[in-house]
Each structure stands twice: as structure tokens, then as C-alpha cells.
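Below: the structure, in C-alpha cells.
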Amino acid sequence: MAYVLGIPLLMLLAIFQSALLGNFQFLEGRPDLILLAVIGWGLAGGSEEAMVWGLVGGIFLDMLSGVPIGSTSITLILIGTLVSIYEDRIWEANFLMPLGTTLAGSLLFHIMSLGVILLLGREVDWAYAFSRVILPSTFINLLLALPTVQALKAIRNRLYPPEVEI
Amino acid sequence: MRRLSPRVLIVTILLMIALSLLILNLSGFLQPVQNLVARPIITVQSWFALRFSALRDVLSSPRDMATLRGEVNRLEAENALLQQEIISLREQAAEADVLAALLNYARSQPQSRYLATNVIGRDVSPFIRSILIGGGSDAGISRGMPVVTSRGLIGRVEEVFATYSRVQLITDPEIAVNIKFQESRTEGILTAQLNGELIVDLIDLNTELSQGELVLTSGLGGKYPVDIPVGRILSIHHRDYDLFQQTTIQSSVEFDQLNIVLVITNFRPLIFEQPNP
């Protein structure tokens, strides 16, 4: 069920990212919707599905970008794996966990994206990339992290109602 | 032997799939699949992009201003066309002077054929300055075709799929355009800095340039047609100890506000393949 919902959702998020979010920028940063979805679904309890979301979401993103298909998937699968380490351990007890995971995930996502850009033989201005793109994007992602996790948790609870002992 | 946990197994399988896709993509085998998968995505994206563009127009101006805005747009377009015509006439006059003196020969320039297409999105990577347009090989677009608006050059087609194409903007550092200055007639090479600023380099140190001077494509190198406006000189960096002078260019195009672009379809660019090491 998570895949039936997830694949069209990821496609829509990739479309929003390309068609709409270019117009809503803070400096040159913008929210990374698919990254947030992967982290959010992982923290909501579906870490293994989140890894698959990472693969599929990465493919959609790469289709709408100049980077080779598969490169963003690798990053998102690794982020899904990172999230799975924390699943069911600290998150329930610590509301700061989504923020910490989003912070680490955003930084990893953008640094690996820059790595791909470097591998493609393009020049990278690290200072500019950090100050104008990575930090503003991370800030926006942090703002959206808690609502995203809550929303995805609510959806997951509807799809897979938690078992209650009577 | 130690058994792998299911989670490690899943990660390994997913990473192998992603790596396989990456290899297939880099070797060009993924293009037919990408064309197929992209078709529904681009249909949805075009639908969203058009609605969003209309919504943005409505929201960004009061309702009673819509008519006036339309009129202003029409006049601006007309003005841009007239300016293009003036540029073209000036260029023709200058050319005619030179050619008539040398060969008594009047050059006839073939009219460019344009294909208007919508901008349906931007590159999702913030580190690549390119846009996606809603026309691809099905519409007759091919790699290397220059892309313009009524205000001037915006870039060239970098990747073509069946239903959409990716246009690399001139603000992307990977692109270089051979240009000339309209009044001083000198030439240079325009490149973008990593922050998107446009710089013209390799300008003869003895050339006198003036602020506001118009910059046009020179046609050298065969990648762009001649005489497409690129922008105007914003500032000049002239140091006597340098080999060349540089200028910063203000593009005449607002790259954040692109809705419709024109692809020049009858221009066949010269594309030089990188030699194998």
C-alpha cells in the first residue's frame, strides 16, 4: 500500500519541485520535497519503504535534472538507511529527532549532489554553494520537517492502524 | 557464514539497482525507457506549469489591471521587436559598409524559423542552471539548437527527449558564447560565473568600450546564429597590466520569469565531440 500511495506521490512531488518551487526561493535555496518525504516516511515507521521511496524519488528527480539517472537515488537510499538507524529508538521519545535527521539528511543530500556535479566535471564554488544554496535549503527543510513527519505519520496510521491489546 | 539482516539486503539490492541505472544512463541505453516514462510526467508537469503560470499572473496583479497589463505586454513585445529590427538594421548597415567596400557584395541572411514552446520547469538541482521546455524530438527539436526570447539569447538545447528538452541557460558556468560588441565591433567570450554573473573575457585591451553598449552573438564557432542580443555592458574591468580586459554583462532576459521561449529550429550548430583520451 505504501508503494501504491508513494510512487504517484513522489512523482507529484518531483513535478512540484521542478515546476513550482523554482519560483519560491530563499536566496537560492528551496525545500527538497522528496528528501523530506523519504525522511518523514522513514521516521513515521516505514524505513524499509522509505529506502524504496528514495530509489523511486531519486529517479523522478534525475529525470527532471541534468544529472545522470540513479545518482540522486543512491544519496536518497543512503539517507533512508540513515533514518532507519533511528527508527523506533529515539524518535518516539525525542521530538528533536526529526530535526536532527533532517539536518543531517539535507547536508548529506546537498554535499553528495555537489559531489556528483564535481564528478560530471563541473566547477563548484563550495563557499557560494554553502552560503546561497545548502544552508538556506537546509533551513527551509528544517522548517518543514516536523509538519511533514506528523502528516506522514497520520497517513501511515490510517494505512496501518497500530495494533492495540484489549 | 553470517546471515545478512533483511535491512542490509534491501539497501544492497536498492543500491545495485541505482548503480545499474546510473551505468545504463551514462552509456545511453536508458533513453528509450526515459522517453516512455517521461511522457505522462511531462503531460502532468505541463498542465501544472501552465496553471501555475496563469495563477501567478492573476495573483501578481490586481484584477482591474489585467487589461492594462496585457496592453503593456503587447507594447513591450512590439518595442522589443522594433529594437531587434533596429539592431538588425544597424548590423546590416555596418556589414554593408564593409562588404560593399571590399566585394560590392550584399549578404542575404536567411530568416530564422522559430518554434514557440512553454517552459514547464527548472532543473531540480540548484547547482545546474537549466530549464525544461515542453517540446522535444517529436516537435523537431534537436540538441544544440539556440533558444531565445523576444529580448535575446537564453541558451541552447542540451538534452532532447521525445516530449521535452533541457535547455542550458547562458547563466550556467558550463556554457560559453562567442560575442561581439555592437559599437566597438570587438569580440570576446561570454561565460557565467558560478554565481550566475555574466562576464565577457578575452577582449582586446586597446578597445574602448562604453557602459550600456549592446552585446550580440558573433556567430564564431558555429554554435549560435549571428546578431542575437545577449545583454548590455554593466561594468568594464580594464587593467593595464592584464593581457585582456573584461566586462560584466546585464542580460536583457529575466531568467526567473521565463514562460514561453523560442527555439531556432533551422539553425544547425556545429557540435564538436570531445576527443577520446
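Every chain in the C-alpha cells takes a letter, A first, then B, and so on in the order presented; its residues are numbered from 1, and the ligands are numbered from 1 following the presented order.
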For Leu107 in chain A, work out the shell of residues within 12 Å, counting only C-alpha atoms and skipping chain neighbours fewer than 2 positions away, then give it as a PyMOL selection string.
-> chain A and resi 32+35+75-76+79+100-105+109-114+129-130+133-139+141-142
Include N, CA and C atoms and write out the residues we just selected as a short mmCIF file (atom, residue, chain, number, x, y, z; two decimals), in the first residue's frame.
```cif
data_model
loop_
_atom_site.label_atom_id
_atom_site.label_comp_id
_atom_site.auth_asym_id
_atom_site.auth_seq_id
_atom_site.Cartn_x
_atom_site.Cartn_y
_atom_site.Cartn_z
N ASP A 32 13.40 20.61 -0.32
CA ASP A 32 13.63 19.38 -1.08
C ASP A 32 12.52 18.40 -0.71
N LEU A 35 13.22 14.56 -0.51
CA LEU A 35 14.08 14.26 0.65
C LEU A 35 13.22 14.26 1.92
N THR A 75 22.00 8.65 -3.17
CA THR A 75 22.00 9.52 -1.99
C THR A 75 20.77 9.29 -1.14
N LEU A 76 19.60 9.21 -1.79
CA LEU A 76 18.36 9.09 -1.02
C LEU A 76 18.23 7.71 -0.35
N ILE A 79 20.28 7.98 2.69
CA ILE A 79 19.59 8.78 3.71
C ILE A 79 18.48 7.94 4.35
N GLY A 100 17.04 16.73 13.81
CA GLY A 100 18.42 16.26 13.68
C GLY A 100 18.61 15.44 12.41
N THR A 101 17.64 14.55 12.16
CA THR A 101 17.75 13.69 10.97
C THR A 101 17.64 14.53 9.70
N THR A 102 16.72 15.52 9.72
CA THR A 102 16.56 16.37 8.53
C THR A 102 17.83 17.20 8.30
N LEU A 103 18.40 17.69 9.39
CA LEU A 103 19.64 18.48 9.26
C LEU A 103 20.73 17.62 8.62
N ALA A 104 20.94 16.44 9.20
CA ALA A 104 21.99 15.55 8.66
C ALA A 104 21.64 15.13 7.23
N GLY A 105 20.36 14.79 7.01
CA GLY A 105 19.93 14.34 5.68
C GLY A 105 20.10 15.42 4.63
N PHE A 109 22.52 15.19 1.54
CA PHE A 109 21.88 15.25 0.21
C PHE A 109 22.59 16.27 -0.68
N HIS A 110 22.82 17.47 -0.14
CA HIS A 110 23.41 18.52 -0.97
C HIS A 110 24.90 18.30 -1.20
N ILE A 111 25.57 17.80 -0.19
CA ILE A 111 27.01 17.56 -0.37
C ILE A 111 27.23 16.46 -1.41
N MET A 112 26.39 15.43 -1.35
CA MET A 112 26.52 14.36 -2.36
C MET A 112 26.11 14.86 -3.74
N SER A 113 25.12 15.77 -3.79
CA SER A 113 24.73 16.36 -5.09
C SER A 113 25.91 17.13 -5.67
N LEU A 114 26.59 17.87 -4.80
CA LEU A 114 27.77 18.61 -5.26
C LEU A 114 28.87 17.66 -5.72
N ALA A 129 28.11 27.75 -2.75
CA ALA A 129 27.10 26.69 -2.66
C ALA A 129 26.58 26.58 -1.23
N PHE A 130 27.49 26.66 -0.25
CA PHE A 130 27.05 26.54 1.14
C PHE A 130 26.20 27.74 1.57
N VAL A 133 22.97 28.15 -1.25
CA VAL A 133 22.07 27.05 -1.61
C VAL A 133 21.87 26.07 -0.44
N ILE A 134 22.98 25.52 0.05
CA ILE A 134 22.84 24.41 1.00
C ILE A 134 22.24 24.87 2.33
N LEU A 135 22.78 25.94 2.90
CA LEU A 135 22.26 26.38 4.20
C LEU A 135 20.82 26.89 4.10
N PRO A 136 20.47 27.74 3.11
CA PRO A 136 19.07 28.14 3.00
C PRO A 136 18.12 26.95 2.77
N SER A 137 18.54 26.00 1.92
CA SER A 137 17.68 24.83 1.67
C SER A 137 17.51 24.02 2.95
N THR A 138 18.61 23.85 3.67
CA THR A 138 18.54 23.08 4.93
C THR A 138 17.61 23.78 5.93
N PHE A 139 17.70 25.10 5.97
CA PHE A 139 16.84 25.87 6.88
C PHE A 139 15.37 25.64 6.53
N ASN A 141 14.11 23.14 4.86
CA ASN A 141 13.77 21.73 5.15
C ASN A 141 13.50 21.53 6.64
N LEU A 142 14.29 22.22 7.47
CA LEU A 142 14.08 22.09 8.92
C LEU A 142 12.71 22.65 9.32
#
```
Where in range 162-215 of chain B does DSSP assign strand (DSSP E), given as number ranges by chain?
-> B: 165-169, 176-181, 187-192, 198-204, 214-215
Please write the residues from the selection above to a file, keeping C-alpha atoms, as a JSON list (two decimals), in the first residue's frame.
```
[["chain", "number", "residue", "atom", "x", "y", "z"],
["B", 165, "SER", "CA", 14.08, 19.06, -23.69],
["B", 166, "ARG", "CA", 16.54, 20.54, -21.27],
["B", 167, "VAL", "CA", 17.89, 23.97, -22.15],
["B", 168, "GLN", "CA", 21.19, 25.01, -20.63],
["B", 169, "LEU", "CA", 20.98, 28.72, -19.78],
["B", 176, "ALA", "CA", 30.44, 29.81, -23.41],
["B", 177, "VAL", "CA", 29.16, 32.15, -26.10],
["B", 178, "ASN", "CA", 31.23, 33.98, -28.68],
["B", 179, "ILE", "CA", 30.02, 37.56, -28.68],
["B", 180, "LYS", "CA", 30.78, 40.94, -30.20],
["B", 181, "PHE", "CA", 30.13, 44.47, -29.04],
["B", 187, "GLU", "CA", 34.82, 40.29, -29.92],
["B", 188, "GLY", "CA", 35.06, 38.28, -26.73],
["B", 189, "ILE", "CA", 33.84, 35.16, -25.00],
["B", 190, "LEU", "CA", 30.93, 35.27, -22.61],
["B", 191, "THR", "CA", 30.85, 32.86, -19.70],
["B", 192, "ALA", "CA", 28.87, 32.77, -16.49],
["B", 198, "LEU", "CA", 27.83, 37.07, -16.90],
["B", 199, "ILE", "CA", 31.39, 38.01, -17.78],
["B", 200, "VAL", "CA", 32.93, 38.69, -21.18],
["B", 201, "ASP", "CA", 36.62, 37.87, -21.30],
["B", 202, "LEU", "CA", 39.39, 37.92, -23.92],
["B", 203, "ILE", "CA", 38.54, 41.44, -25.09],
["B", 204, "ASP", "CA", 41.36, 43.31, -26.79],
["B", 214, "LEU", "CA", 24.92, 46.25, -26.67],
["B", 215, "VAL", "CA", 26.37, 42.74, -26.76]]
```
Using only C-alpha atoms, find each residue in chain B having at least one atom no more than 6 Å away from chain A; report its shortest atom-to-atom pair and that distance in Å (one decimal), rows by chain then rising number, as a tab-separated table.
```
residue	atom	partner	partner_atom	distance
B:Ala18	CA	A:Gly70	CA	4.7
B:Leu21	CA	A:Gly70	CA	5.4
B:Leu22	CA	A:Gly70	CA	4.6
B:Gln45	CA	A:Ile15	CA	5.7
B:Ala49	CA	A:Ala19	CA	5.6
B:Ile120	CA	A:Ala19	CA	5.9
B:Gly121	CA	A:Ala19	CA	4.1
B:Arg122	CA	A:Ser18	CA	5.0
B:Asp123	CA	A:Ser65	CA	4.7
B:Val124	CA	A:Ser18	CA	5.3
```
Could you write out that same residue set with N, CA and C atoms as an mmCIF file, in the first residue's frame?
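The result, stored in out.cif:
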```
data_model
loop_
_atom_site.group_PDB
_atom_site.id
_atom_site.type_symbol
_atom_site.label_atom_id
_atom_site.label_comp_id
_atom_site.auth_asym_id
_atom_site.auth_seq_id
_atom_site.Cartn_x
_atom_site.Cartn_y
_atom_site.Cartn_z
ATOM 1 N N ALA B 18 20.205 1.182 -8.334
ATOM 2 C CA ALA B 18 20.544 2.585 -8.646
ATOM 3 C C ALA B 18 21.837 2.663 -9.459
ATOM 4 N N LEU B 21 21.206 1.578 -12.998
ATOM 5 C CA LEU B 21 20.543 2.664 -13.744
ATOM 6 C C LEU B 21 21.554 3.725 -14.152
ATOM 7 N N LEU B 22 22.430 4.044 -13.207
ATOM 8 C CA LEU B 22 23.446 5.080 -13.459
ATOM 9 C C LEU B 22 24.340 4.663 -14.636
ATOM 10 N N GLN B 45 3.244 17.657 -15.774
ATOM 11 C CA GLN B 45 4.054 18.839 -15.445
ATOM 12 C C GLN B 45 3.656 20.039 -16.302
ATOM 13 N N ALA B 49 2.433 23.501 -14.895
ATOM 14 C CA ALA B 49 3.214 24.702 -15.207
ATOM 15 C C ALA B 49 2.324 25.780 -15.822
ATOM 16 N N ILE B 120 8.315 24.412 -18.799
ATOM 17 C CA ILE B 120 7.491 23.593 -17.903
ATOM 18 C C ILE B 120 8.174 23.334 -16.566
ATOM 19 N N GLY B 121 9.399 23.772 -16.434
ATOM 20 C CA GLY B 121 10.046 23.571 -15.142
ATOM 21 C C GLY B 121 11.494 23.993 -15.161
ATOM 22 N N ARG B 122 12.085 23.917 -13.979
ATOM 23 C CA ARG B 122 13.507 24.236 -13.844
ATOM 24 C C ARG B 122 14.243 22.992 -13.384
ATOM 25 N N ASP B 123 15.528 23.003 -13.612
ATOM 26 C CA ASP B 123 16.329 21.870 -13.154
ATOM 27 C C ASP B 123 16.158 21.731 -11.643
ATOM 28 N N VAL B 124 15.875 20.507 -11.182
ATOM 29 C CA VAL B 124 15.661 20.337 -9.747
ATOM 30 C C VAL B 124 16.963 20.460 -8.956
#
```
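For the pair CA of Ile175 in chain B and CA of Leu24 in chain B, the separation is 25.8 Å.
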Run DSSP on the backbone and give me the residues of range 61-203 of chain B it puts in alpha helix (DSSP H), as a count of residues only.
-> 37
Non-local contacts of Gln83 in chain B (12 Å; only C-alpha atoms; under 2 positions in same chain excluded) as a ChimeraX atom specification = /B:75-81,85-90,150-152,214,228-229,252
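In this structure, CA of Gly144 in chain B sits 4.9 Å away from CA of Val157 in chain B.
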Tell me which of B:Met16, B:Arg143, B:Ser184, B:Gln250 sits closest to Ile170 in chain B, counting only C-alpha atoms.
->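 Among the listed residues, the smallest separation from Ile170 in chain B belongs to B:Gln250.
You can rank A:Leu99, A:Leu119, A:Ile7, A:Ala127 by their closest distance to Gly40 in chain A using only C-alpha atoms, and at the top of that list sits A:Leu99.
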Using only C-alpha atoms, which of A:Leu96, A:Ala2, A:Leu13, A:Val116 sits nearest Ala50 in chain A?
->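 Result for the nearest residue to Ala50 in chain A: A:Ala2.
Of note, CA of Ile17 in chain B and CA of Gly115 in chain A are spaced 19.9 Å apart.
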Pick from B:Leu194, B:Thr207, B:Ser20, B:Phe255: nearest to His238 in chain B, with only C-alpha atoms counted?
->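 When distances to His238 in chain B are compared using only C-alpha atoms, the smallest one comes from B:Thr207.
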Residue contacts of Leu10 in chain A (7 Å, only C-alpha atoms) excluding same-chain residues fewer than 4 positions away, as a list in words |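 Surrounding residues, per the criterion: Gly6, Ala14, Ile34 and Gly57 of chain A.
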Limited to all heavy atoms, could you put the picked residues into a file as an mmCIF file, in the first residue's frame?
```cif
data_model
loop_
_atom_site.group_PDB
_atom_site.id
_atom_site.type_symbol
_atom_site.label_atom_id
_atom_site.label_comp_id
_atom_site.auth_asym_id
_atom_site.auth_seq_id
_atom_site.Cartn_x
_atom_site.Cartn_y
_atom_site.Cartn_z
ATOM 1 N N GLY A 6 2.897 5.809 -2.519
ATOM 2 C CA GLY A 6 4.181 6.509 -2.586
ATOM 3 C C GLY A 6 4.610 6.910 -3.986
ATOM 4 O O GLY A 6 5.049 8.041 -4.200
ATOM 5 N N ALA A 14 8.062 15.501 -7.317
ATOM 6 C CA ALA A 14 9.140 15.858 -8.264
ATOM 7 C C ALA A 14 8.648 16.934 -9.230
ATOM 8 O O ALA A 14 9.378 17.876 -9.556
ATOM 9 C CB ALA A 14 9.594 14.620 -9.021
ATOM 10 N N ILE A 34 11.161 15.656 -1.960
ATOM 11 C CA ILE A 34 11.316 14.193 -1.950
ATOM 12 C C ILE A 34 12.211 13.752 -0.794
ATOM 13 O O ILE A 34 11.946 12.753 -0.135
ATOM 14 C CB ILE A 34 11.816 13.707 -3.326
ATOM 15 C CG1 ILE A 34 10.645 13.857 -4.303
ATOM 16 C CG2 ILE A 34 12.342 12.276 -3.270
ATOM 17 C CD1 ILE A 34 10.844 13.332 -5.666
ATOM 18 N N GLY A 57 12.023 8.081 -5.912
ATOM 19 C CA GLY A 57 12.040 9.559 -5.893
ATOM 20 C C GLY A 57 13.283 10.108 -6.569
ATOM 21 O O GLY A 57 13.220 11.105 -7.305
#
```
Identify, on the basis of only C-alpha atoms, every residue whose closest approach to Leu262 in chain B does not exceed 7 Å; exclude the query and any residue fewer than 2 positions from it along the same chain; express the result as a VMD selection string.
-> chain B and resid 114 to 117 147 to 149 260 264
Output N, CA and C atoms for every residue in that selection, as a short mmCIF file (atom, residue, chain, number, x, y, z; two decimals), in the first residue's frame.
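Saved the output as out-v3.cif:
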```
data_model
loop_
_atom_site.label_atom_id
_atom_site.label_comp_id
_atom_site.auth_asym_id
_atom_site.auth_seq_id
_atom_site.Cartn_x
_atom_site.Cartn_y
_atom_site.Cartn_z
N TYR B 114 11.27 29.79 -35.99
CA TYR B 114 11.15 29.64 -34.54
C TYR B 114 10.08 28.62 -34.19
N LEU B 115 10.31 27.93 -33.09
CA LEU B 115 9.28 27.07 -32.53
C LEU B 115 9.03 27.56 -31.11
N ALA B 116 7.80 28.05 -30.88
CA ALA B 116 7.47 28.55 -29.54
C ALA B 116 7.10 27.37 -28.65
N THR B 117 7.66 27.37 -27.45
CA THR B 117 7.34 26.28 -26.53
C THR B 117 7.31 26.79 -25.09
N VAL B 147 18.19 28.86 -28.14
CA VAL B 147 16.88 29.19 -27.58
C VAL B 147 16.90 30.67 -27.21
N VAL B 148 15.85 31.39 -27.63
CA VAL B 148 15.81 32.84 -27.41
C VAL B 148 14.43 33.24 -26.89
N THR B 149 14.34 34.49 -26.46
CA THR B 149 13.03 35.11 -26.27
C THR B 149 13.07 36.38 -27.13
N ILE B 260 7.46 31.45 -21.95
CA ILE B 260 7.49 30.88 -23.30
C ILE B 260 8.83 31.24 -23.93
N ILE B 264 15.22 28.14 -32.11
CA ILE B 264 15.54 28.40 -33.52
C ILE B 264 15.80 27.05 -34.19
#
```
